[in-house]
Every structure is written in C-alpha cells, then in structure tokens.
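Asker: What follows is structure.txt; its format and atoms are compact mmCIF, C-alpha atoms.
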# COMPACT_ATOMS: atom_id res chain seq x y z
CA MET A 137 -0.86 -2.19 -11.38
CA LEU A 138 -1.07 -2.28 -15.16
CA ASN A 139 2.50 -3.52 -15.44
CA GLU A 140 1.80 -6.23 -12.86
CA LEU A 141 -1.22 -7.62 -14.72
CA MET A 142 -0.16 -6.98 -18.33
CA HIS A 143 0.93 -10.55 -19.07
CA LYS A 144 -2.36 -11.97 -17.78
CA LEU A 145 -4.81 -9.65 -19.53
CA PRO A 146 -6.90 -10.72 -22.56
CA PRO A 147 -5.92 -9.07 -25.90
CA SER A 148 -8.30 -6.10 -25.84
CA GLU A 149 -7.50 -5.19 -22.23
CA LYS A 150 -3.79 -5.67 -22.86
CA LYS A 151 -3.97 -3.30 -25.83
CA LEU A 152 -5.83 -0.78 -23.68
CA ALA A 153 -3.35 -1.11 -20.79
CA ASP A 154 -0.46 -0.56 -23.19
CA PHE A 155 -2.12 2.61 -24.50
CA ILE A 156 -2.63 3.95 -20.96
CA ILE A 157 0.99 3.28 -20.00
CA ASN A 158 2.25 5.11 -23.10
CA HIS A 159 -0.27 8.00 -23.02
CA PRO A 160 -1.07 8.66 -19.34
CA HIS A 161 -1.35 12.45 -19.66
CA GLU A 162 -3.91 12.10 -22.43
CA VAL A 163 -5.97 9.42 -20.67
CA ILE A 164 -6.86 11.53 -17.62
CA TYR A 165 -8.80 13.94 -19.85
CA LEU A 166 -10.77 11.30 -21.78
CA THR A 167 -14.19 9.77 -21.20
CA VAL A 168 -14.74 6.02 -21.26
CA ALA A 169 -15.95 6.16 -24.87
CA GLN A 170 -13.09 8.42 -25.95
CA LEU A 171 -10.50 6.14 -24.36
CA GLY A 172 -12.02 3.11 -26.05
CA GLU A 173 -11.85 4.86 -29.41
CA ALA A 174 -8.34 6.29 -28.90
CA SER A 175 -6.92 2.92 -27.89
CA GLY A 176 -8.62 1.04 -30.70
CA THR A 177 -10.70 -1.02 -28.25
CA SER A 178 -14.12 -0.20 -26.80
CA SER A 179 -15.96 1.27 -23.82
CA ALA A 180 -16.68 -2.26 -22.64
CA ALA A 181 -12.94 -3.05 -22.64
CA VAL A 182 -12.32 0.00 -20.43
CA ILE A 183 -14.91 -1.17 -17.92
CA ARG A 184 -13.52 -4.72 -17.96
CA LEU A 185 -9.99 -3.43 -17.37
CA CYS A 186 -11.13 -1.43 -14.35
CA LYS A 187 -12.72 -4.60 -13.00
CA SER A 188 -9.56 -6.62 -13.67
CA LEU A 189 -7.58 -4.04 -11.69
CA GLY A 190 -10.01 -4.29 -8.78
CA LEU A 191 -11.04 -0.66 -9.14
CA LYS A 192 -14.49 0.77 -8.49
CA GLY A 193 -14.68 2.40 -11.90
CA PHE A 194 -13.10 4.60 -14.55
CA GLN A 195 -12.87 7.64 -12.28
CA GLU A 196 -10.74 5.71 -9.80
CA LEU A 197 -8.50 4.59 -12.65
CA LYS A 198 -7.96 8.21 -13.71
CA LEU A 199 -7.22 9.22 -10.11
CA ARG A 200 -4.60 6.49 -9.88
CA ILE A 201 -3.00 7.59 -13.14
CA SER A 202 -3.01 11.22 -12.04
CA GLY A 203 -1.37 10.27 -8.75
CA ASP A 204 1.39 8.37 -10.55
CA LEU A 205 2.05 11.34 -12.83
CA HIS A 206 2.79 13.51 -9.80
CA LYS A 207 5.45 11.16 -8.49
CA ASP A 208 9.11 12.09 -8.56
CA GLN A 209 10.52 10.55 -11.72
CA ASP A 210 13.83 9.96 -9.93
CA ASP A 211 12.10 7.41 -7.73
CA GLU A 212 12.33 4.52 -10.15
CA PHE A 213 13.79 1.04 -9.88
CA SER A 214 17.33 0.55 -11.16
CA ASP A 215 19.03 -2.73 -11.99
CA ILE A 216 22.57 -3.21 -10.80
CA GLN A 217 25.05 -3.89 -13.57
CA PRO A 218 28.30 -5.91 -13.54
CA ARG A 219 31.28 -4.07 -12.01
CA GLU A 220 29.05 -1.28 -10.69
CA ASP A 221 30.84 0.99 -8.19
CA GLN A 222 29.94 0.73 -4.50
CA GLU A 223 28.46 4.21 -4.21
CA SER A 224 26.06 3.42 -7.05
CA ILE A 225 25.18 0.04 -5.51
CA VAL A 226 24.35 1.67 -2.18
CA GLN A 227 22.12 4.26 -3.87
CA LYS A 228 20.33 1.78 -6.14
CA VAL A 229 19.70 -0.90 -3.52
CA THR A 230 18.41 1.71 -1.07
CA ASN A 231 16.16 3.36 -3.66
CA ASN A 232 14.79 0.03 -4.90
CA SER A 233 13.93 -1.01 -1.35
CA ILE A 234 12.13 2.26 -0.66
CA GLN A 235 10.24 2.03 -3.95
CA ALA A 236 9.11 -1.54 -3.29
CA ILE A 237 7.67 -0.50 0.07
CA LYS A 238 6.01 2.62 -1.39
CA GLU A 239 4.37 0.72 -4.24
CA THR A 240 3.25 -2.07 -1.92
CA THR A 241 1.59 0.52 0.33
CA GLU A 242 -0.27 1.91 -2.70
CA LEU A 243 -1.64 -1.57 -3.44
CA VAL A 244 -3.13 -2.05 0.03
CA ASN A 245 -6.80 -3.01 -0.08
CA TYR A 246 -8.04 -1.83 3.31
CA GLU A 247 -11.11 -4.03 3.25
CA SER A 248 -8.95 -7.13 2.76
CA LEU A 249 -6.45 -5.93 5.37
CA GLY A 250 -9.28 -5.44 7.86
CA LYS A 251 -10.58 -8.95 7.23
CA ALA A 252 -7.10 -10.40 7.69
CA VAL A 253 -6.62 -8.54 10.97
CA GLU A 254 -9.98 -9.75 12.28
CA ALA A 255 -9.28 -13.35 11.26
CA MET A 256 -5.90 -13.36 13.00
CA GLN A 257 -7.29 -11.72 16.12
CA ASN A 258 -9.95 -14.42 16.44
CA ALA A 259 -7.72 -17.33 15.41
CA GLU A 260 -7.01 -20.10 17.87
CA ARG A 261 -3.99 -21.23 15.84
CA ILE A 262 -2.07 -19.52 13.03
CA HIS A 263 -0.02 -21.51 10.51
CA PHE A 264 2.39 -19.69 8.18
CA PHE A 265 3.73 -21.52 5.13
CA GLY A 266 6.28 -20.57 2.50
CA VAL A 267 8.88 -22.29 0.34
CA GLY A 268 12.43 -21.05 -0.28
CA ALA A 269 12.81 -17.30 0.32
CA SER A 270 9.14 -17.10 1.29
CA GLY A 271 9.91 -19.55 4.09
CA ILE A 272 12.10 -16.87 5.66
CA ILE A 273 9.11 -14.51 5.66
CA ALA A 274 6.98 -17.25 7.28
CA LYS A 275 9.56 -17.64 10.07
CA ASP A 276 9.63 -13.88 10.63
CA ALA A 277 5.83 -13.80 10.82
CA GLN A 278 5.82 -16.61 13.37
CA GLN A 279 8.41 -14.80 15.48
CA LYS A 280 6.14 -11.75 15.59
CA PHE A 281 2.73 -13.34 16.12
CA ILE A 282 3.91 -15.74 18.81
CA ARG A 283 4.12 -12.63 21.00
CA MET A 284 0.32 -12.52 20.96
CA ASN A 285 0.18 -15.71 23.03
CA LYS A 286 -1.32 -17.69 20.16
CA ALA A 287 -0.33 -21.14 18.97
CA THR A 288 1.72 -20.08 15.95
CA SER A 289 3.71 -22.25 13.55
CA ALA A 290 5.80 -21.69 10.42
CA PHE A 291 6.60 -24.40 7.87
CA THR A 292 8.73 -24.61 4.76
CA ASP A 293 8.21 -28.33 4.18
CA ILE A 294 4.90 -29.39 2.64
CA HIS A 295 4.76 -32.73 4.46
CA ASN A 296 5.25 -31.23 7.93
CA ALA A 297 2.76 -28.50 7.13
CA GLY A 298 0.30 -31.09 5.82
CA MET A 299 0.42 -33.04 9.09
CA TYR A 300 -0.46 -29.94 11.08
CA ILE A 301 -3.14 -28.68 8.72
CA ALA A 302 -4.71 -32.14 8.50
CA ASN A 303 -6.26 -31.28 11.88
CA ALA A 304 -6.99 -27.62 11.18
CA LYS A 305 -10.31 -26.28 12.45
CA ARG A 306 -12.63 -23.47 11.43
CA ASN A 307 -11.13 -21.03 13.94
CA ASP A 308 -7.59 -21.59 12.59
CA VAL A 309 -5.82 -19.38 10.06
CA VAL A 310 -3.52 -20.75 7.36
CA PHE A 311 -1.36 -18.03 5.84
CA GLY A 312 0.32 -18.88 2.52
CA ILE A 313 3.30 -16.81 1.37
CA SER A 314 4.54 -16.98 -2.23
CA PHE A 315 6.07 -14.10 -4.14
CA SER A 316 5.03 -15.46 -7.54
CA GLY A 317 1.73 -16.91 -6.34
CA GLU A 318 2.57 -19.88 -8.54
CA THR A 319 4.31 -22.10 -5.95
CA HIS A 320 2.65 -25.51 -6.24
CA GLU A 321 3.32 -26.53 -2.62
CA THR A 322 1.80 -23.34 -1.24
CA ALA A 323 -1.28 -23.64 -3.43
CA LYS A 324 -1.80 -27.26 -2.28
CA ILE A 325 -1.45 -26.34 1.39
CA MET A 326 -4.00 -23.57 0.93
CA GLU A 327 -6.35 -25.94 -0.88
CA LEU A 328 -6.06 -28.46 1.97
CA ALA A 329 -6.72 -25.73 4.53
CA ARG A 330 -9.90 -24.68 2.72
CA GLN A 331 -11.10 -28.29 2.67
CA LYS A 332 -10.62 -28.38 6.44
CA GLY A 333 -12.62 -25.18 6.86
CA ALA A 334 -9.76 -22.98 8.08
CA THR A 335 -9.55 -19.32 7.10
CA THR A 336 -6.98 -18.88 4.34
CA ILE A 337 -4.91 -15.73 3.75
CA SER A 338 -2.36 -15.24 0.98
CA LEU A 339 0.56 -12.85 0.52
CA THR A 340 1.73 -12.73 -3.11
CA ARG A 341 2.65 -10.36 -5.91
CA TYR A 342 -0.27 -8.37 -7.27
CA GLY A 343 -2.75 -10.27 -9.45
CA SER A 344 -4.59 -13.59 -9.59
CA SER A 345 -2.63 -16.84 -9.24
CA PRO A 346 -3.08 -20.46 -8.07
CA VAL A 347 -2.29 -19.35 -4.50
CA THR A 348 -4.69 -16.40 -4.45
CA GLU A 349 -7.45 -18.57 -5.90
CA GLN A 350 -7.21 -20.82 -2.83
CA ALA A 351 -7.30 -17.91 -0.36
CA GLU A 352 -10.36 -16.22 1.08
CA ILE A 353 -8.34 -13.07 1.82
CA ASN A 354 -5.61 -11.77 -0.49
CA LEU A 355 -2.82 -9.39 0.49
CA PHE A 356 -0.47 -8.13 -2.19
CA ILE A 357 3.00 -6.70 -2.64
CA SER A 358 4.33 -4.77 -5.61
CA ALA A 359 6.42 -6.70 -8.12
CA SER A 360 6.38 -4.56 -11.24
CA ARG A 361 10.20 -4.45 -11.29
CA GLU A 362 10.71 -8.13 -10.47
CA ILE A 363 12.11 -8.91 -13.91
CA PRO A 364 15.20 -10.81 -15.08
CA ALA A 365 18.32 -8.74 -14.50
CA PRO A 366 22.03 -9.42 -14.04
CA PHE A 367 21.67 -9.65 -10.26
CA ARG A 368 17.87 -9.75 -9.90
CA SER A 369 18.02 -6.74 -7.59
CA GLY A 370 14.23 -6.76 -7.43
CA ALA A 371 14.30 -10.04 -5.48
CA THR A 372 15.78 -8.14 -2.55
CA SER A 373 13.09 -5.49 -2.85
CA SER A 374 10.25 -8.03 -2.94
CA ARG A 375 11.52 -9.66 0.27
CA LEU A 376 11.46 -6.29 2.04
CA ALA A 377 7.96 -5.62 0.68
CA GLN A 378 6.76 -8.96 2.11
CA LEU A 379 8.30 -8.18 5.50
CA HIS A 380 6.68 -4.75 5.36
CA MET A 381 3.21 -6.27 4.87
CA ILE A 382 3.79 -8.67 7.78
CA ASP A 383 4.79 -5.70 9.95
CA ILE A 384 1.63 -3.83 8.93
CA LEU A 385 -0.53 -6.85 9.70
CA PHE A 386 1.10 -7.54 13.08
CA THR A 387 0.96 -3.89 14.16
CA SER A 388 -2.72 -3.72 13.18
CA VAL A 389 -3.51 -6.82 15.23
CA VAL A 390 -1.60 -5.53 18.27
CA THR A 391 -3.12 -2.04 18.23
CA ASP A 392 -6.65 -3.43 17.96
CA GLN A 393 -5.97 -5.60 21.04
CA TYR A 394 -3.70 -3.14 22.81
CA GLU A 395 -4.58 -3.90 26.44
CA GLU A 396 -4.35 -7.66 25.95
CA ALA A 397 -1.19 -7.39 23.88
CA SER A 398 0.47 -5.15 26.46
CA VAL A 399 0.13 -7.88 29.08
CA TYR A 400 1.66 -10.50 26.78
CA LEU A 401 4.53 -8.24 25.73
CA GLU A 402 5.31 -7.30 29.33
CA GLU A 403 5.47 -10.98 30.28
CA ILE A 404 7.84 -11.62 27.36
CA LYS A 405 10.04 -8.71 28.46
CA THR A 406 10.20 -10.10 31.99
CA THR A 407 11.12 -13.53 30.65
CA MET A 408 13.90 -12.14 28.46
CA GLU A 409 15.36 -10.26 31.43
CA PHE A 410 15.26 -13.47 33.48
CA LEU A 411 17.12 -15.40 30.77
CA LYS A 412 19.86 -12.74 30.63
CA LYS A 413 20.65 -13.10 34.32
CA LYS A 414 23.67 -15.26 35.12
So that I can check it, write out the structure of this file as structure tokens.
Answerer:
Amino acid sequence: MLNELMHKLPPSEKKLADFIINHPHEVIYLTVAQLGEASGTSSAAVIRLCKSLGLKGFQELKLRISGDLHKDQDDEFSDIQPREDQESIVQKVTNNSIQAIKETTELVNYESLGKAVEAMQNAERIHFFGVGASGIIAKDAQQKFIRMNKATSAFTDIHNAGMYIANAKRNDVVFGISFSGETHETAKIMELARQKGATTISLTRYGSSPVTEQAEINLFISASREIPAPFRSGATSSRLAQLHMIDILFTSVVTDQYEEASVYLEEIKTTMEFLKKK
C-alpha cells in the first residue's frame, strides 16, 4: 500500500512511508510519537499517513506491517529479462500472477465490496466501460453479469457509451474500469453518469485518481510492481487481478441471490444445449 501511494504523498508522509519501508521490523515496536521522531517527521504525520492509507489507525498499520513481515520472501515479483530461458519465464509469469491476485485480495475493502454487490443486485441496467486492455475486462464482466438476466452492456468507445449513459437512471450502475485510474475517457463517462444520477463504481489500481474521484464506490487492485520493465510483465499480472475482482464481485452477487440466479443459469444451460443440437 505504501509503495502504491508513495508518488502521491505529501513530503512529510512520503518521508515517513520511506522510513517504514526501510525499517519495518523497528516500526512495529514503536509508538506514534516514537515513529514520528525516528522518521524525522511528527506524530501528526503518522496519523495523516494512516488516513491516506484508508486505515483505522496506527495499530492497524502495525498489524499490516507485521503481516507483511511474515510473508514468504520468495513470493516477490520478478521482471522478465531479454533472452530469459523458458523454464524461468514459466516460473516468473506464474509467480507474478499469483502475487498480483494475493496482493489484490489483501487490498479488499469489504464495506466497499458490499456496497458494490448491493448496487449491482438492485440495478435495472449495468454499463461497463473501459479503454484498451481495460475494455477486455469490461467485455468479460458483461459476459458474466448478463447471466443474471439484467440489461448489461460493455463499451470501449466513449461516444457509444455516452449515448447509452445519456439516458441513465438512478437505478442504473455505471462501472468504470481503468488500471491507472487516469484514463480521461473513463473519468468523463463516470462524471456523466454521476450527473445523470446513476450509481458509479470504479475498478482501478490502489489510490486516488480522476476515475476514483468520480465514483461513489471504489474497488482496487494491486499495482505495486506495475513499473517500467523490458517486457512490462506486471501488465499481465494487473489484467489477471482485474479479472479476479470481477469474479469476486459476480460470485458475491450470485450467492446473495442464489435461488433467483439458479433459475437464470438453468435457463441458460437449457438454451446452450438447444443450440448444440443439429
């Protein structure tokens, strides 16, 4: 979480975050005042950092640090280098994918997830929007949620999305997907949806961004390793993390409406069997 937000933090909080990353074993035994003094900041900076991270307080921060210290150090992201052998590629790509999913799971805010599930359960129409690689995630989400017998759309073009959302209503959900959270088109679509009174949900990398600012409900994926590299191996991991969050959301919606969903899914199964017959 600290790595994700580092570039956006004000100077004092950035200095504090850097100290925590470099001295995690020491931090878990310090008080707020002691950490402020040790890092050359202040107690107030510690409290502000906890707030910036979305934590309830300093004790939760220490619990998070302690949890990270107990992780297997072998489970770290690895960038693939030019002329890497195939065995190494298989191991690194697999490990990076697993790590992206693990870290995304650790970032889940269950209150936000619950709100997203409720909004999508009650939605009359659901519109997914994403540009580029995020458009693929939008299409996958549509393919899943259409099974719930809801009017579900997925757009990658801002003009087509705009025409649909121009008539969005209060019981509609507009779901914006953007890894960076900086995609101008996605932010504009979310802004339009809010003007129309629709419920807005975002799926982005962890932290505040133009897209998250336009969403009522924010869902996050981990992106701490999404850094420039010879083959940007993290880009593959972030896509899997996004798909993982969509799977979590869909499964949560289905299980909360199990009886109703079972009827829809059985009808779909019957239809697929009919289409297979010659």
Asker: Pull the closest atom pair for each residue of range 238-265 of chain A that gets at most 7 Å from range 306-322 of chain A, along with the distance in Å to one decimal, counting only C-alpha atoms, ordering rows by chain and then ascending residue number, as JSON lines.
Answerer:
{"residue": "A:Met256", "atom": "CA", "partner": "A:Val309", "partner_atom": "CA", "distance": 6.7}
{"residue": "A:Ala259", "atom": "CA", "partner": "A:Asp308", "partner_atom": "CA", "distance": 5.1}
{"residue": "A:Glu260", "atom": "CA", "partner": "A:Asp308", "partner_atom": "CA", "distance": 5.5}
{"residue": "A:Arg261", "atom": "CA", "partner": "A:Asp308", "partner_atom": "CA", "distance": 4.9}
{"residue": "A:Ile262", "atom": "CA", "partner": "A:Val309", "partner_atom": "CA", "distance": 4.8}
{"residue": "A:His263", "atom": "CA", "partner": "A:Val310", "partner_atom": "CA", "distance": 4.8}
{"residue": "A:Phe264", "atom": "CA", "partner": "A:Phe311", "partner_atom": "CA", "distance": 4.7}
{"residue": "A:Phe265", "atom": "CA", "partner": "A:Gly312", "partner_atom": "CA", "distance": 5.0}
Asker: Find the distance between CA of Ala377 in chain A and CA of Glu395 in chain A and write it in Å to one decimal.
Answerer: 28.7 Å
Asker: So that I can check the surroundings of range 341-350 of chain A, please list as a PyMOL selection string every protein, DNA and RNA residue that reaches within 10 Å of it, counting all atoms listed in the file and ignoring chain neighbours fewer than 5 positions away.
Answerer: chain A and resi 137-142+144+188-190+240+243+312-330+336+355-360+362+374+377-378
Asker: For the interface of range 224-250 of chain A with range 381-388 of chain A (cut-off 9 Å, counting all atoms listed in the file), please tabulate each contacting residue of range 224-250 of chain A alongside its nearest pair of atoms and their separation in Å to one decimal, rows sorted by chain and increasing number, as a tab-separated table.
Answerer:
residue	atom	partner	partner_atom	distance
A:Ile237	CA	A:Met381	CA	8.7
A:Thr240	CA	A:Met381	CA	8.0
A:Thr241	CA	A:Met381	CA	8.3
A:Leu249	CA	A:Leu385	CA	7.4
A:Gly250	CA	A:Ser388	CA	8.6
Asker: Pick out the closest residue to Lys332 in chain A from this set: A:Asn354, A:Thr230, A:Asn303, A:Asn296. Count only C-alpha atoms.
Answerer: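 Among A:Asn354, A:Thr230, A:Asn303, A:Asn296, it is A:Asn303 that comes nearest to Lys332 in chain A.
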Asker: Can you pull out every residue within 9 Å of Ser202 in chain A, counting all atoms listed in the file, but drop anything in the same chain fewer than 5 positions away, and send it as a ChimeraX atom specification?
Answerer: /A:160-161,164,197
Asker: Let me make sure I understand: among A:Ser270, A:Gln195, A:Gln331, A:Thr391, which one has the smallest atom-to-atom distance to Tyr165 in chain A if we use only C-alpha atoms?
Answerer: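 The answer is A:Gln195, which sits nearest to Tyr165 in chain A.
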Asker: CA of Ala334 in chain A and CA of Ala277 in chain A are how many Å apart?
Answerer: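 Between these atoms lies a distance of 18.3 Å.
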Asker: Any idea what the distance is between CA of Ser233 in chain A and CA of Ser373 in chain A?
Answerer: 4.8 Å
Asker: Emit range 374-393 of chain A of the structure in the block as a file comprising N, CA and C atoms, as a PDB file, in the first residue's frame.
Answerer:
ATOM      1  N   SER A 374      -1.610  -7.372 -13.746  1.00  0.00           N
ATOM      2  CA  SER A 374      -2.696  -6.452 -13.415  1.00  0.00           C
ATOM      3  C   SER A 374      -3.985  -6.869 -14.115  1.00  0.00           C
ATOM      4  N   ARG A 375      -3.880  -7.402 -15.324  1.00  0.00           N
ATOM      5  CA  ARG A 375      -5.080  -7.867 -16.037  1.00  0.00           C
ATOM      6  C   ARG A 375      -5.728  -9.011 -15.264  1.00  0.00           C
ATOM      7  N   LEU A 376      -4.917  -9.948 -14.781  1.00  0.00           N
ATOM      8  CA  LEU A 376      -5.453 -11.069 -14.013  1.00  0.00           C
ATOM      9  C   LEU A 376      -6.072 -10.592 -12.701  1.00  0.00           C
ATOM     10  N   ALA A 377      -5.459  -9.576 -12.093  1.00  0.00           N
ATOM     11  CA  ALA A 377      -6.000  -9.026 -10.850  1.00  0.00           C
ATOM     12  C   ALA A 377      -7.365  -8.389 -11.093  1.00  0.00           C
ATOM     13  N   GLN A 378      -7.515  -7.689 -12.224  1.00  0.00           N
ATOM     14  CA  GLN A 378      -8.810  -7.091 -12.570  1.00  0.00           C
ATOM     15  C   GLN A 378      -9.865  -8.170 -12.789  1.00  0.00           C
ATOM     16  N   LEU A 379      -9.511  -9.210 -13.526  1.00  0.00           N
ATOM     17  CA  LEU A 379     -10.440 -10.315 -13.767  1.00  0.00           C
ATOM     18  C   LEU A 379     -10.816 -10.993 -12.448  1.00  0.00           C
ATOM     19  N   HIS A 380      -9.852 -11.093 -11.549  1.00  0.00           N
ATOM     20  CA  HIS A 380     -10.097 -11.698 -10.240  1.00  0.00           C
ATOM     21  C   HIS A 380     -11.140 -10.903  -9.458  1.00  0.00           C
ATOM     22  N   MET A 381     -11.043  -9.577  -9.478  1.00  0.00           N
ATOM     23  CA  MET A 381     -12.009  -8.741  -8.765  1.00  0.00           C
ATOM     24  C   MET A 381     -13.396  -8.857  -9.390  1.00  0.00           C
ATOM     25  N   ILE A 382     -13.475  -8.940 -10.712  1.00  0.00           N
ATOM     26  CA  ILE A 382     -14.764  -9.130 -11.371  1.00  0.00           C
ATOM     27  C   ILE A 382     -15.374 -10.462 -10.960  1.00  0.00           C
ATOM     28  N   ASP A 383     -14.543 -11.512 -10.879  1.00  0.00           N
ATOM     29  CA  ASP A 383     -15.024 -12.826 -10.445  1.00  0.00           C
ATOM     30  C   ASP A 383     -15.556 -12.771  -9.013  1.00  0.00           C
ATOM     31  N   ILE A 384     -14.843 -12.072  -8.139  1.00  0.00           N
ATOM     32  CA  ILE A 384     -15.283 -11.929  -6.748  1.00  0.00           C
ATOM     33  C   ILE A 384     -16.628 -11.217  -6.692  1.00  0.00           C
ATOM     34  N   LEU A 385     -16.745 -10.141  -7.456  1.00  0.00           N
ATOM     35  CA  LEU A 385     -17.978  -9.358  -7.461  1.00  0.00           C
ATOM     36  C   LEU A 385     -19.142 -10.178  -7.995  1.00  0.00           C
ATOM     37  N   PHE A 386     -18.937 -10.863  -9.118  1.00  0.00           N
ATOM     38  CA  PHE A 386     -20.003 -11.658  -9.721  1.00  0.00           C
ATOM     39  C   PHE A 386     -20.440 -12.795  -8.796  1.00  0.00           C
ATOM     40  N   THR A 387     -19.463 -13.501  -8.222  1.00  0.00           N
ATOM     41  CA  THR A 387     -19.786 -14.604  -7.328  1.00  0.00           C
ATOM     42  C   THR A 387     -20.551 -14.122  -6.101  1.00  0.00           C
ATOM     43  N   SER A 388     -20.183 -12.956  -5.592  1.00  0.00           N
ATOM     44  CA  SER A 388     -20.886 -12.376  -4.438  1.00  0.00           C
ATOM     45  C   SER A 388     -22.328 -12.043  -4.785  1.00  0.00           C
ATOM     46  N   VAL A 389     -22.548 -11.482  -5.960  1.00  0.00           N
ATOM     47  CA  VAL A 389     -23.904 -11.151  -6.400  1.00  0.00           C
ATOM     48  C   VAL A 389     -24.736 -12.411  -6.568  1.00  0.00           C
ATOM     49  N   VAL A 390     -24.171 -13.428  -7.186  1.00  0.00           N
ATOM     50  CA  VAL A 390     -24.897 -14.680  -7.436  1.00  0.00           C
ATOM     51  C   VAL A 390     -25.255 -15.392  -6.139  1.00  0.00           C
ATOM     52  N   THR A 391     -24.296 -15.488  -5.208  1.00  0.00           N
ATOM     53  CA  THR A 391     -24.563 -16.214  -3.970  1.00  0.00           C
ATOM     54  C   THR A 391     -25.589 -15.505  -3.095  1.00  0.00           C
ATOM     55  N   ASP A 392     -25.651 -14.186  -3.181  1.00  0.00           N
ATOM     56  CA  ASP A 392     -26.642 -13.438  -2.401  1.00  0.00           C
ATOM     57  C   ASP A 392     -28.044 -13.534  -3.013  1.00  0.00           C
ATOM     58  N   GLN A 393     -28.114 -13.936  -4.277  1.00  0.00           N
ATOM     59  CA  GLN A 393     -29.405 -14.132  -4.950  1.00  0.00           C
ATOM     60  C   GLN A 393     -29.454 -15.538  -5.532  1.00  0.00           C
TER      61      GLN A 393
END
